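Colleague: Have a look at the structure that comes next, please.
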Amino acid sequence: MIPHKQPWMDLPINAAEPLTMHVDMNSCFATMEQQANPLLRGRPVGVAAYNAPYGCVIAPSYEAKAKGVKTGMRVWEARQLCPDIAIIQSNPPLYRDAHMRFKRIFQDYSDRVVPKSIDEAVIDFGGTEQIRKGKSLVDIGYEIKKRVRDEIGDWVRVNVGISTNRFLAKTAAGLHKPDGLDVITKDNLLDIYAGMDLLDITGINTRYQARLMQGGIRTPLEFFNAPIYVLKKEVFKSIVGYYWYVKLRGWEIEDYESPRQTIGHNYTVQVRPATPEQIEKFMMKLCEKTGRRLRRNSYFAEGIQVWASFQDHTFWHVGHRVGTRLYTTSDIFHYAMNYFNERPHYRVITKMGVTVYDLQPLMPEQVSLFDGLHGDKNALSRSLDAVNNRYGDMVVGSALLMDMDNFILDRVAFGSVKDLQELYSDS
Amino acid sequence: MYERVNERVSVVAIFRDTTPIFEPVKFKWKGRERIVQKVGYVYKYKEGQALVHVVSVTDGESFYELLFDSQKLTWTIGRMAVNDSS
């Protein structure tokens with residue numbers, strides 16, 4: 001608990017015992033590919049959503065990173081920097097399996113495990129039996145590292161960070177990659193900040209860095225020493241300044257999980273230019289994936305957005321509240337295609353996506369007297385999902401989805417926590 | 001890098017009462033017997049209701065993904081890759 005004390009600028013560094021642990025497996029997807037295929041170990045590897053020149057490298061291995069390959073680069077750029085790189089198309093079931101093993105290990109130590117993404121989690125040790133028995137968190141950290149090697153794979157290394165809040169625990173985990181274990185306490189916090197740049201701070205990107213610089217803050221230590229009114233009124237101009245002030249001092253501010261607000265899917269178009277028929281098929285597949293995720297989470301949506309980026313590096317999007325409940329794939333597709341047809345047709349699409357928003361929990365709805373089929377359509381959608389869950393994806397679906405096996409592949413959300421819930425419900 | 005094979009294959013595997021519960025020892029593909037040198041990882045996924053166990057192995061020269069369909073009790077080579085590193 002943050003001590004309730006005024007003024008805020010007197011807030012001290014949190015001196016409590018560090019009981020928050022952050023564990024992450026860097027280059028998770030690439031590491032898991034190297035674990036599965038021992039012939040790839042020690043070689044530069046890039047995991048890409050699509051193994052095509054314009055595919056995006058979503059996880060370079062440490063060896064590839066050493067040669068300058070970065071997450072988000074195009075495959076052709078990675079090959080230019082690192083000609084011997086092995087590009088592997090992503091294999092979501094492998095990463096999901098690793099994530100589940102990862103989580104099971106952590107749950108042996110605490111019932112408060114919060115996955116932050118597919119390859120990182122926060123473990124709250126407050127009040128756990130381990131701590132009550134006087135076991136040190138550092139010993140537990142080393143034990144977790146050993147168990148990861150024994151139970152996931154001998155090539156897999158994790159970084160462990162321990163501190164008083166999630167932010168500092170993550171910072172600690174990033175200090176000695178790829179196999180570090182560090183603790184940040186009130187005693188070494190300022191030394192740690194003194195050895196960092198602004199961009200080394202989790203959550204500070206170049207945009208925030210520029211804002212901080214504008215406010216005369218050039219280093220993490222200056223950031224730490226900045227008065228709250230400067231952060232709140234001059235730098236961030238919002239409550240965000242207060243959040244930074246508190247978490248830089250080791251107090252917890254991130255233990256609130258916001259409810260899910262959108263569900264969507266996108267696709268990098270490999271056929272350029274794609275014909276209108278192909279675009280329609282891609283859109284149907286995107287809507288089917290979005291719709292199934294919506295239904296699996298028992299939501300309906302009231303808004304929809306479609307978007308496209310083009311070969312000339314321009315971007316187009318349109319979004320509307322539709323005044324009806326979006327639940328079935330066919331309803332989502334109907335609105336998505338209507339809006340998508342407003343796009344500038346003369347441009348070549350490189351990426352397209354659909355997102356539904358204004359999500360509401362699905363409750364029994366008042367069926368309109370004049371639209372008796374609406375409820376039946378919802379039930380039919382759920383039945384089709386059940387058939388596809390039982391016999392395999394897309395066993396039953398729109399005719400537009402025929403011969404689409406090689407398009408819009410299974411993907412794994414490596415930055416999002418929300419989709420992990422689907423993972424747990426499947427297991 | 002990887003080549004999709006999707007061919008049935010004959011496999012000799014050990015089933016143990018300790019972990020790892022099962023492990024392929026050798027398999028015959030394209031008329032040649034290949035001895036498993038190392039198992040990289042074993043995981044499973046659902047294809048409809050069928051549970052498919054994926055065993056990633058190397059014979060020292062190449063990498064193979066051996067898929068065991070627990071419903072049909074068949075082994076298939078899913079993907080393979082030749083070791084092209086010098």
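By order of appearance in the structure tokens: chains A, B, ..., then residues from 1 within every chain, and ligands from 1 in the order shown.
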Write out as a ChimeraX atom specification every residue belonging to chain B that has an atom at most 10 Å from any atom of chain A, counting only C-alpha atoms.
Modeller: /B:1-2,38-50,54-65,80-85
Colleague: Write out as an MDAnalysis selection string which residues come within 12 Å of Ser163 of chain A when counting only C-alpha atoms, dropping same-chain ones fewer than 4 positions away.
Modeller: chainID A and resid 13:23 122:126 137:138 167:173 181:189 247:252
Colleague: Running DSSP on the backbone, which parts of segment 106-159 of chain A land in helix (DSSP H, G or I), as a PyMOL selection string?
Modeller: chain A and resi 106-107+129-132+137-151
Colleague: May I have all residues of segment 75-110 of chain A that DSSP, computed from the backbone, assigns to strand (DSSP E), given as a list of chain:residue names?
Modeller: A:Ala86, A:Ile87, A:Ile88, A:Gln89
Colleague: I'd like the neighbourhood of Asp312 of chain A as a list in words, where a residue qualifies if any of its atoms comes within 8 Å (using only C-alpha atoms), though same-chain residues fewer than 2 positions away should be ignored.
Modeller: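 Close residues of Asp312 of chain A: Phe310, Thr314, Arg347 and Val348 of chain A.
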Colleague: With only C-alpha atoms as the counted atoms, please give the residues lying no more than 10 Å from Ala301 of chain A, apart from itself and same-chain residues fewer than 3 positions off, as a PDB file with N, CA, C and O atoms, in the first residue's frame.
Modeller:
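File result17.pdb, as written:
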ATOM      1  N   GLN A 261     -11.110  -4.361 -24.140  1.00  0.00           N
ATOM      2  CA  GLN A 261     -11.895  -3.342 -24.838  1.00  0.00           C
ATOM      3  C   GLN A 261     -12.088  -3.617 -26.318  1.00  0.00           C
ATOM      4  O   GLN A 261     -13.028  -3.114 -26.918  1.00  0.00           O
ATOM      5  N   THR A 262     -11.177  -4.371 -26.917  1.00  0.00           N
ATOM      6  CA  THR A 262     -11.302  -4.659 -28.355  1.00  0.00           C
ATOM      7  C   THR A 262     -10.887  -6.096 -28.638  1.00  0.00           C
ATOM      8  O   THR A 262     -10.159  -6.701 -27.864  1.00  0.00           O
ATOM      9  N   ILE A 263     -11.371  -6.607 -29.753  1.00  0.00           N
ATOM     10  CA  ILE A 263     -10.916  -7.906 -30.254  1.00  0.00           C
ATOM     11  C   ILE A 263     -10.725  -7.725 -31.750  1.00  0.00           C
ATOM     12  O   ILE A 263     -11.577  -7.109 -32.418  1.00  0.00           O
ATOM     13  N   GLY A 291     -14.689 -13.183 -34.849  1.00  0.00           N
ATOM     14  CA  GLY A 291     -15.979 -13.637 -34.332  1.00  0.00           C
ATOM     15  C   GLY A 291     -15.835 -14.796 -33.357  1.00  0.00           C
ATOM     16  O   GLY A 291     -16.457 -14.821 -32.290  1.00  0.00           O
ATOM     17  N   LEU A 294     -14.505 -13.492 -30.145  1.00  0.00           N
ATOM     18  CA  LEU A 294     -15.566 -12.720 -29.474  1.00  0.00           C
ATOM     19  C   LEU A 294     -16.517 -13.672 -28.747  1.00  0.00           C
ATOM     20  O   LEU A 294     -16.840 -13.494 -27.575  1.00  0.00           O
ATOM     21  N   ILE A 304     -17.308  -1.391 -34.896  1.00  0.00           N
ATOM     22  CA  ILE A 304     -16.368  -2.128 -35.739  1.00  0.00           C
ATOM     23  C   ILE A 304     -15.456  -1.137 -36.463  1.00  0.00           C
ATOM     24  O   ILE A 304     -15.891  -0.048 -36.864  1.00  0.00           O
ATOM     25  N   ARG A 321     -19.914   2.854 -34.733  1.00  0.00           N
ATOM     26  CA  ARG A 321     -20.831   2.082 -33.912  1.00  0.00           C
ATOM     27  C   ARG A 321     -21.988   1.711 -34.839  1.00  0.00           C
ATOM     28  O   ARG A 321     -22.442   2.536 -35.623  1.00  0.00           O
ATOM     29  N   VAL A 322     -22.412   0.445 -34.758  1.00  0.00           N
ATOM     30  CA  VAL A 322     -23.334  -0.011 -35.800  1.00  0.00           C
ATOM     31  C   VAL A 322     -24.796  -0.021 -35.364  1.00  0.00           C
ATOM     32  O   VAL A 322     -25.689  -0.271 -36.167  1.00  0.00           O
ATOM     33  N   GLY A 323     -25.053   0.202 -34.087  1.00  0.00           N
ATOM     34  CA  GLY A 323     -26.449   0.258 -33.634  1.00  0.00           C
ATOM     35  C   GLY A 323     -27.093  -1.106 -33.531  1.00  0.00           C
ATOM     36  O   GLY A 323     -28.311  -1.223 -33.447  1.00  0.00           O
ATOM     37  N   THR A 324     -26.311  -2.140 -33.565  1.00  0.00           N
ATOM     38  CA  THR A 324     -26.829  -3.498 -33.379  1.00  0.00           C
ATOM     39  C   THR A 324     -25.745  -4.320 -32.713  1.00  0.00           C
ATOM     40  O   THR A 324     -24.610  -3.871 -32.577  1.00  0.00           O
ATOM     41  N   ARG A 325     -26.090  -5.532 -32.288  1.00  0.00           N
ATOM     42  CA  ARG A 325     -25.101  -6.382 -31.636  1.00  0.00           C
ATOM     43  C   ARG A 325     -24.315  -7.169 -32.684  1.00  0.00           C
ATOM     44  O   ARG A 325     -24.917  -7.911 -33.466  1.00  0.00           O
ATOM     45  N   LEU A 326     -23.015  -7.010 -32.670  1.00  0.00           N
ATOM     46  CA  LEU A 326     -22.181  -7.816 -33.566  1.00  0.00           C
ATOM     47  C   LEU A 326     -21.773  -9.078 -32.811  1.00  0.00           C
ATOM     48  O   LEU A 326     -21.143  -8.993 -31.750  1.00  0.00           O
ATOM     49  N   TYR A 327     -22.151 -10.225 -33.341  1.00  0.00           N
ATOM     50  CA  TYR A 327     -21.857 -11.479 -32.637  1.00  0.00           C
ATOM     51  C   TYR A 327     -21.494 -12.590 -33.623  1.00  0.00           C
ATOM     52  O   TYR A 327     -20.501 -13.271 -33.466  1.00  0.00           O
ATOM     53  N   ILE A 332     -20.485  -9.621 -38.619  1.00  0.00           N
ATOM     54  CA  ILE A 332     -19.226  -8.864 -38.594  1.00  0.00           C
ATOM     55  C   ILE A 332     -18.743  -8.642 -40.028  1.00  0.00           C
ATOM     56  O   ILE A 332     -18.350  -7.539 -40.420  1.00  0.00           O
ATOM     57  N   THR A 355     -11.261  -4.878 -36.345  1.00  0.00           N
ATOM     58  CA  THR A 355     -11.316  -4.843 -34.882  1.00  0.00           C
ATOM     59  C   THR A 355     -12.743  -4.517 -34.474  1.00  0.00           C
ATOM     60  O   THR A 355     -13.347  -3.614 -35.052  1.00  0.00           O
ATOM     61  N   VAL A 356     -13.260  -5.263 -33.499  1.00  0.00           N
ATOM     62  CA  VAL A 356     -14.575  -4.898 -32.969  1.00  0.00           C
ATOM     63  C   VAL A 356     -14.367  -4.294 -31.589  1.00  0.00           C
ATOM     64  O   VAL A 356     -13.470  -4.692 -30.856  1.00  0.00           O
ATOM     65  N   TYR A 357     -15.195  -3.305 -31.250  1.00  0.00           N
ATOM     66  CA  TYR A 357     -15.015  -2.614 -29.982  1.00  0.00           C
ATOM     67  C   TYR A 357     -16.365  -2.354 -29.312  1.00  0.00           C
ATOM     68  O   TYR A 357     -17.392  -2.794 -29.823  1.00  0.00           O
ATOM     69  N   ASP A 358     -16.332  -1.610 -28.209  1.00  0.00           N
ATOM     70  CA  ASP A 358     -17.523  -1.469 -27.357  1.00  0.00           C
ATOM     71  C   ASP A 358     -18.042  -2.853 -26.987  1.00  0.00           C
ATOM     72  O   ASP A 358     -19.197  -3.209 -27.261  1.00  0.00           O
ATOM     73  N   LEU A 359     -17.161  -3.627 -26.383  1.00  0.00           N
ATOM     74  CA  LEU A 359     -17.517  -5.007 -26.041  1.00  0.00           C
ATOM     75  C   LEU A 359     -18.429  -5.024 -24.817  1.00  0.00           C
ATOM     76  O   LEU A 359     -18.215  -4.288 -23.860  1.00  0.00           O
ATOM     77  N   GLN A 360     -19.431  -5.858 -24.884  1.00  0.00           N
ATOM     78  CA  GLN A 360     -20.362  -6.002 -23.760  1.00  0.00           C
ATOM     79  C   GLN A 360     -20.485  -7.483 -23.452  1.00  0.00           C
ATOM     80  O   GLN A 360     -20.485  -8.302 -24.361  1.00  0.00           O
ATOM     81  N   PRO A 361     -20.608  -7.823 -22.158  1.00  0.00           N
ATOM     82  CA  PRO A 361     -20.806  -9.237 -21.833  1.00  0.00           C
ATOM     83  C   PRO A 361     -22.118  -9.726 -22.432  1.00  0.00           C
ATOM     84  O   PRO A 361     -23.104  -8.987 -22.422  1.00  0.00           O
ATOM     85  N   LEU A 362     -22.090 -10.924 -22.947  1.00  0.00           N
ATOM     86  CA  LEU A 362     -23.287 -11.450 -23.598  1.00  0.00           C
ATOM     87  C   LEU A 362     -24.317 -11.851 -22.552  1.00  0.00           C
ATOM     88  O   LEU A 362     -24.058 -12.690 -21.712  1.00  0.00           O
TER      89      LEU A 362
END
Colleague: With distances taken over only C-alpha atoms, which residue among B:Leu73, B:Leu66, B:Val52, B:Val5 lies nearest Pro24 of chain B?
Modeller: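 Between B:Leu73, B:Leu66, B:Val52, B:Val5, the residue approaching Pro24 of chain B most closely is B:Leu66.
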Colleague: Mind checking which residues fall within 12 Å of Ala194 of chain A, counting only C-alpha atoms, ignoring those fewer than 4 positions away in the same chain, and posting them as a list in words?
Modeller: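 The neighbour list is Asn188, Leu189, Leu190, Leu198, Asp200, Ile201, Arg218, Thr219, Pro220, Leu221, Glu222, Phe223, Phe224 and Asn225 of chain A.
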Colleague: Any chance you can output those residues with N, CA and C atoms as a PDB file, in the first residue's frame?
Modeller:
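So the final result, stored in result10.pdb, reads:
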ATOM      1  N   ASN A 188      20.058  -0.133  -3.401  1.00  0.00           N
ATOM      2  CA  ASN A 188      20.803  -0.034  -4.672  1.00  0.00           C
ATOM      3  C   ASN A 188      20.006   0.659  -5.779  1.00  0.00           C
ATOM      4  N   LEU A 189      18.783   1.095  -5.472  1.00  0.00           N
ATOM      5  CA  LEU A 189      17.921   1.669  -6.509  1.00  0.00           C
ATOM      6  C   LEU A 189      18.598   2.842  -7.241  1.00  0.00           C
ATOM      7  N   LEU A 190      19.164   3.760  -6.493  1.00  0.00           N
ATOM      8  CA  LEU A 190      19.731   4.949  -7.141  1.00  0.00           C
ATOM      9  C   LEU A 190      20.971   4.585  -7.963  1.00  0.00           C
ATOM     10  N   LEU A 198      17.577   6.849 -20.219  1.00  0.00           N
ATOM     11  CA  LEU A 198      16.111   6.965 -20.175  1.00  0.00           C
ATOM     12  C   LEU A 198      15.428   5.854 -20.960  1.00  0.00           C
ATOM     13  N   ASP A 200      16.359   2.933 -21.423  1.00  0.00           N
ATOM     14  CA  ASP A 200      16.461   1.614 -20.782  1.00  0.00           C
ATOM     15  C   ASP A 200      15.288   1.377 -19.830  1.00  0.00           C
ATOM     16  N   ILE A 201      14.561   2.435 -19.510  1.00  0.00           N
ATOM     17  CA  ILE A 201      13.459   2.302 -18.553  1.00  0.00           C
ATOM     18  C   ILE A 201      12.256   1.705 -19.275  1.00  0.00           C
ATOM     19  N   ARG A 218      17.058  14.456 -18.273  1.00  0.00           N
ATOM     20  CA  ARG A 218      17.909  13.776 -19.261  1.00  0.00           C
ATOM     21  C   ARG A 218      18.368  12.393 -18.828  1.00  0.00           C
ATOM     22  N   THR A 219      18.230  12.077 -17.567  1.00  0.00           N
ATOM     23  CA  THR A 219      18.700  10.776 -17.070  1.00  0.00           C
ATOM     24  C   THR A 219      17.649  10.180 -16.138  1.00  0.00           C
ATOM     25  N   PRO A 220      17.735   8.860 -15.907  1.00  0.00           N
ATOM     26  CA  PRO A 220      16.802   8.240 -14.960  1.00  0.00           C
ATOM     27  C   PRO A 220      16.900   8.850 -13.561  1.00  0.00           C
ATOM     28  N   LEU A 221      18.090   9.252 -13.155  1.00  0.00           N
ATOM     29  CA  LEU A 221      18.218   9.870 -11.823  1.00  0.00           C
ATOM     30  C   LEU A 221      17.474  11.204 -11.765  1.00  0.00           C
ATOM     31  N   GLU A 222      17.591  11.984 -12.856  1.00  0.00           N
ATOM     32  CA  GLU A 222      16.837  13.246 -12.908  1.00  0.00           C
ATOM     33  C   GLU A 222      15.337  12.971 -12.935  1.00  0.00           C
ATOM     34  N   PHE A 223      14.954  11.888 -13.609  1.00  0.00           N
ATOM     35  CA  PHE A 223      13.554  11.471 -13.668  1.00  0.00           C
ATOM     36  C   PHE A 223      13.079  11.156 -12.243  1.00  0.00           C
ATOM     37  N   PHE A 224      13.890  10.403 -11.517  1.00  0.00           N
ATOM     38  CA  PHE A 224      13.563  10.034 -10.141  1.00  0.00           C
ATOM     39  C   PHE A 224      13.437  11.281  -9.258  1.00  0.00           C
ATOM     40  N   ASN A 225      14.336  12.222  -9.453  1.00  0.00           N
ATOM     41  CA  ASN A 225      14.357  13.402  -8.577  1.00  0.00           C
ATOM     42  C   ASN A 225      13.357  14.487  -8.986  1.00  0.00           C
TER      43      ASN A 225
END
Colleague: Calculate how many Å separate atom CA of Thr18 of chain B from atom CA of Gln37 of chain B, rounding to one decimal.
Modeller: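 Calculated distance between atom CA of Thr18 of chain B and atom CA of Gln37 of chain B is 19.9 Å.
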Colleague: Could you work out how far atom CA of Glu120 of chain A lies from atom CA of Pro60 of chain A, giving the answer in Å with one decimal?
Modeller: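 Distance reported for this atom pair: 16.6 Å.
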Colleague: Just give me the gap between atom CA of Ile192 of chain A and atom CA of Gly161 of chain A in Å, one decimal is fine.
Modeller: 12.8 Å
Colleague: Taking 5 positions as the minimum chain separation for residues in the same chain, which residues sit within 7 Å of Asn6 of chain B when counting only C-alpha atoms? Answer as a list in words.
Modeller: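 Answer for this query is Thr76, Ile77 and Gly78 of chain B.
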